[in-house]
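Working notes, structure below.
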Amino acid sequence: MKASQLFFPTLREVPREAELISHQLLLRGGFVRSVAAGIYSYLPLGWRVHEKIAQIVREEVNAFGGQEIHMPVLVPKELLDETGRSAVPVLFGLKDRNQREFFLGFTHEEVVTDIVRSTVHSWKQMPLYLYQIQTKERDEPRPRGGLIRGREFTMFDGYSFDYSEEKLDAIYKANYQAYGNVFRRCGLEHLAVEADPGSIGGSENHEFMVLTENGEDTVLRCDSCTYAANAERGEVPETSSVEAIKPEASESISTPGAHTIEEVCAFLHVEAGHLIKSIICTADGKPVVALVRGDRDLNLPKFARVLGAKSVELADVPTVLRVTGAPMGFAGPVGLAEPSPIYADNELKQGGNYIVGANQADAHLGNVTPGHDFQVTTWGDIRTAVAGDKCPRCDEGHLTDARGIEVGHIFKLGTKYSKDMQALYQSETGEKTPILMGCYGLGVSRTLASAVEAHHDESGIMWPITIAPYEVGIVLTNMKDTSIVDAGVQLYQELKAAGVDALLDDRDERTGVKFKDMELIGIPIQVVVGKGLANGEVEVSMRREKGVRTAVATVELVDHIVALVKAEKSRLM
Ligand code: ATP
Ligand code: MG
């Protein structure tokens, strides 16, 4: 491609609406343009990167038997009614001219299961793995970071159909492996972690995280074994040695105006670990009290699992006032106005003589010990795991934390959807049985943005060569010098003929502008055709090795570049 003909409107200024570096650089480099919050158009450079990532995913998934299909964006409401997902809050809905209701596809389990239930009737037709790479629509409450969290985005979504747990397990593992290959080939340091299944449900699931400082998720890793989990999901093992504490007589403490843990700590000069946080929640509509140590966070998904509840949320203000009989900020487990079940985090079995809210305005209670001053209905692992916790899998390790961006999420669904939708097959023994399913999502647009988060410097993007819009950029330093122009055009044509993805900067711009643009748009290999030509040489440099330039004889350039491209690619194999 010749840059003089390429549509890439670069910007010198950092767009004000963009906080994340990937968002800024993708806008500045002319890769995407914003249409509305969380909605983007891809311009030529952005679409080239998008398609390169999509192609890598296709190759990896086709390798284990995936078959590409394409499902519609419009999904009839009745299909989602079958699984109860027509009530999912992120859905965009609309009606046709006959008032029939549709949703814009946010993921396609129901659509694909509908295809399969009408076509797959025997175990002999499985295993089957169908996938698409398609636009998804979700009315995200907080679209952010440009392509990181859009309201319209592209997802690879794969669906597997099997007749035995072993087959499902095998295809899940193949997909797990394939995703690892995809992210490695895209040049992304990544980690598969145990994760919360969210609204999709199912038995086993893993998230794939690209590790970068700006990641919105926290991942926890054991420093001794292979355990890794999203902090949302991370388990906390019970400590076996329970310190014996002699409970002392509880006492009322005046804490005027101290509502929050921080305020109470500051007022009483104690550490948060001496307090118990009492959180009033509603589980499937009924009030419950959750207790965690003052320096910990309640984890709602884990709490929901301990409760066996469909939905758990923080109680609204009227409920808190009613249950505690006190203003907000003074909830505690002793003397509730409306007695409610008390769920305590396992960690509170240790220690004792804690400070808790007194269920009275401006008062706390000191020396409160669970089991002595109040009864715990159920103990459980309900707090969020943090760095420093013991590993739940091995004896020696402790957890460390890192930031990550979730780029993929895979689930063993089992029969969750096939039961709801009556997707049945005839087994080897002749019984009608629900099909075992798996689903596998990978954010193509989010992966693109994550690659920028992971690979950039102060001058712009540093694309890994496998997903760069062009592999090589040729800068012509003087458009008036015909020898430079002729030599550059010839090298460009030779490179193209050798299968290299080359961009020729033949614009009538200052050389400084051309260099800046090449750096901004992140072309991995740069060839400068300039004065050296008098000695039969051009200069070659790598985007990721700033300032290092090598003189290469023009006659050797094509071989040199072909070898460089190959070497760069093999770093990512
Ligand atoms: P998140 O927790 O980030 O909201 P999710 O768990 O709802 O995502 P899934 O339904 O598991 O997402 O979607 C599969 C993949 O699609 C995600 O791993 C992510 O890479 C991508 N994805 C999901 N939502 C978005 C979005 N709003 N914008 C861009 N990519 C997204
Ligand atoms: Mg997810």
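Each chain in the structure tokens gets a letter, A, B and so on, in the order shown; residues start at 1 in every chain, and ligands are counted from 1 in the order they appear.
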Quick one: everything within 8 Å of Glu248 of chain A, counting only C-alpha atoms, minus sequence neighbours fewer than 2 positions away in the same chain. Send it as a compact mmCIF listing (two decimals) with all heavy atoms, in the first residue's frame.
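Wrote part-v5.txt, looks like this:
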# COMPACT_ATOMS: atom_id res chain seq x y z
N LYS A 246 -9.62 -15.29 74.71
CA LYS A 246 -10.56 -15.29 75.82
C LYS A 246 -11.53 -14.13 75.62
O LYS A 246 -11.11 -12.97 75.62
CB LYS A 246 -9.80 -15.12 77.14
CG LYS A 246 -10.62 -15.40 78.36
CD LYS A 246 -9.73 -15.57 79.57
CE LYS A 246 -10.50 -15.33 80.85
NZ LYS A 246 -10.89 -13.92 81.06
N SER A 250 -18.48 -7.59 76.61
CA SER A 250 -18.64 -6.54 75.61
C SER A 250 -19.04 -5.22 76.27
O SER A 250 -19.59 -5.20 77.36
CB SER A 250 -19.69 -6.96 74.58
OG SER A 250 -20.94 -7.02 75.19
N ASN A 353 -12.98 -10.49 70.44
CA ASN A 353 -13.00 -9.15 71.04
C ASN A 353 -12.92 -8.06 69.97
O ASN A 353 -12.10 -7.15 70.04
CB ASN A 353 -11.87 -9.00 72.07
CG ASN A 353 -12.03 -9.98 73.21
OD1 ASN A 353 -13.16 -10.28 73.63
ND2 ASN A 353 -10.93 -10.53 73.69
N ASN A 367 -15.24 -5.59 72.27
CA ASN A 367 -15.12 -6.94 72.85
C ASN A 367 -16.27 -7.86 72.43
O ASN A 367 -16.91 -8.48 73.27
CB ASN A 367 -15.04 -6.88 74.38
CG ASN A 367 -13.76 -6.21 74.84
OD1 ASN A 367 -12.76 -6.24 74.11
ND2 ASN A 367 -13.79 -5.58 75.99
N VAL A 368 -16.52 -7.90 71.15
CA VAL A 368 -17.57 -8.79 70.66
C VAL A 368 -16.90 -9.99 69.98
O VAL A 368 -16.03 -9.81 69.12
CB VAL A 368 -18.49 -8.04 69.67
CG1 VAL A 368 -19.43 -9.02 68.95
CG2 VAL A 368 -19.30 -6.98 70.42
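Around ligand 1, the neighbouring residues within 7 Å, taking only C-alpha atoms and all ligand atoms, come to Thr107, Arg138, Glu140, Pro143, Leu147, Ile148, Arg149, Gly150, Arg151, Glu152, Phe153, Thr154, Met155, Gly198, Glu207, Glu406, Val407, Gly408, His409, Gly441, Leu442, Gly443, Val444, Ser445, Arg446 and Thr447 of chain A.
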Of A:Val193, A:Ala454, A:Ile525, A:Leu448, the one nearest to ligand 2 when counting only C-alpha atoms and all ligand atoms is A:Val193
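For the atom pair formed by atom CA of Gly180 of chain A and atom CA of Leu20 of chain A, the distance is 25.1 Å, given to one decimal.
For the choices A:Ala385, A:Ala87, A:Ile279, A:Met518, the atom-to-atom distance to Val475 of chain A is smallest for A:Met518 when using only C-alpha atoms.
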Spatial neighbours of Ala551 of chain A, 7 Å, only C-alpha atoms, chain gap at least 4 places, as a ChimeraX atom specification | /A:537-540
Can you list, as JSON, numbers by chain, every protein, DNA or RNA residue that comes within 8 Å of Val452 of chain A when you count only C-alpha atoms, leaving out same-chain residues fewer than 2 positions away?
-> {"A": [21, 22, 25, 448, 449, 450, 454, 455, 456, 461, 462, 463]}
Keeping only N, CA, C and O atoms, write the selected residues to a file as an mmCIF file, in the first residue's frame.
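Once written, result.cif looks like this:
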data_model
loop_
_atom_site.group_PDB
_atom_site.id
_atom_site.type_symbol
_atom_site.label_atom_id
_atom_site.label_comp_id
_atom_site.auth_asym_id
_atom_site.auth_seq_id
_atom_site.Cartn_x
_atom_site.Cartn_y
_atom_site.Cartn_z
ATOM 1 N N ILE A 21 -4.580 4.527 27.375
ATOM 2 C CA ILE A 21 -3.589 4.771 26.326
ATOM 3 C C ILE A 21 -3.992 4.093 25.017
ATOM 4 O O ILE A 21 -3.796 4.645 23.935
ATOM 5 N N SER A 22 -4.607 2.918 25.096
ATOM 6 C CA SER A 22 -4.999 2.237 23.858
ATOM 7 C C SER A 22 -6.050 3.054 23.124
ATOM 8 O O SER A 22 -6.030 3.177 21.901
ATOM 9 N N LEU A 25 -4.240 6.114 21.549
ATOM 10 C CA LEU A 25 -3.377 5.815 20.401
ATOM 11 C C LEU A 25 -4.170 5.303 19.201
ATOM 12 O O LEU A 25 -3.820 5.583 18.055
ATOM 13 N N LEU A 448 -7.498 -6.506 20.424
ATOM 14 C CA LEU A 448 -6.799 -5.469 19.650
ATOM 15 C C LEU A 448 -6.350 -4.331 20.589
ATOM 16 O O LEU A 448 -5.187 -3.932 20.608
ATOM 17 N N ALA A 449 -7.284 -3.838 21.396
ATOM 18 C CA ALA A 449 -6.953 -2.734 22.307
ATOM 19 C C ALA A 449 -5.951 -3.192 23.372
ATOM 20 O O ALA A 449 -5.053 -2.433 23.749
ATOM 21 N N SER A 450 -6.087 -4.447 23.833
ATOM 22 C CA SER A 450 -5.161 -4.946 24.856
ATOM 23 C C SER A 450 -3.746 -5.008 24.318
ATOM 24 O O SER A 450 -2.781 -4.799 25.055
ATOM 25 N N ALA A 454 -0.521 -3.305 25.992
ATOM 26 C CA ALA A 454 0.693 -4.064 26.343
ATOM 27 C C ALA A 454 1.916 -3.598 25.561
ATOM 28 O O ALA A 454 3.038 -3.785 26.017
ATOM 29 N N HIS A 455 1.716 -3.021 24.379
ATOM 30 C CA HIS A 455 2.868 -2.685 23.528
ATOM 31 C C HIS A 455 2.778 -1.250 23.004
ATOM 32 O O HIS A 455 2.180 -1.009 21.964
ATOM 33 N N HIS A 456 3.346 -0.339 23.737
ATOM 34 C CA HIS A 456 3.397 1.050 23.264
ATOM 35 C C HIS A 456 4.553 1.748 23.975
ATOM 36 O O HIS A 456 5.083 1.231 24.963
ATOM 37 N N ILE A 461 2.273 3.231 19.108
ATOM 38 C CA ILE A 461 2.017 1.794 19.256
ATOM 39 C C ILE A 461 3.250 1.008 18.794
ATOM 40 O O ILE A 461 3.999 1.467 17.935
ATOM 41 N N MET A 462 3.460 -0.168 19.362
ATOM 42 C CA MET A 462 4.524 -1.065 18.914
ATOM 43 C C MET A 462 3.902 -2.434 18.629
ATOM 44 O O MET A 462 4.001 -3.342 19.426
ATOM 45 N N TRP A 463 3.217 -2.544 17.492
ATOM 46 C CA TRP A 463 2.477 -3.778 17.207
ATOM 47 C C TRP A 463 3.404 -4.987 17.151
ATOM 48 O O TRP A 463 4.448 -4.925 16.492
#
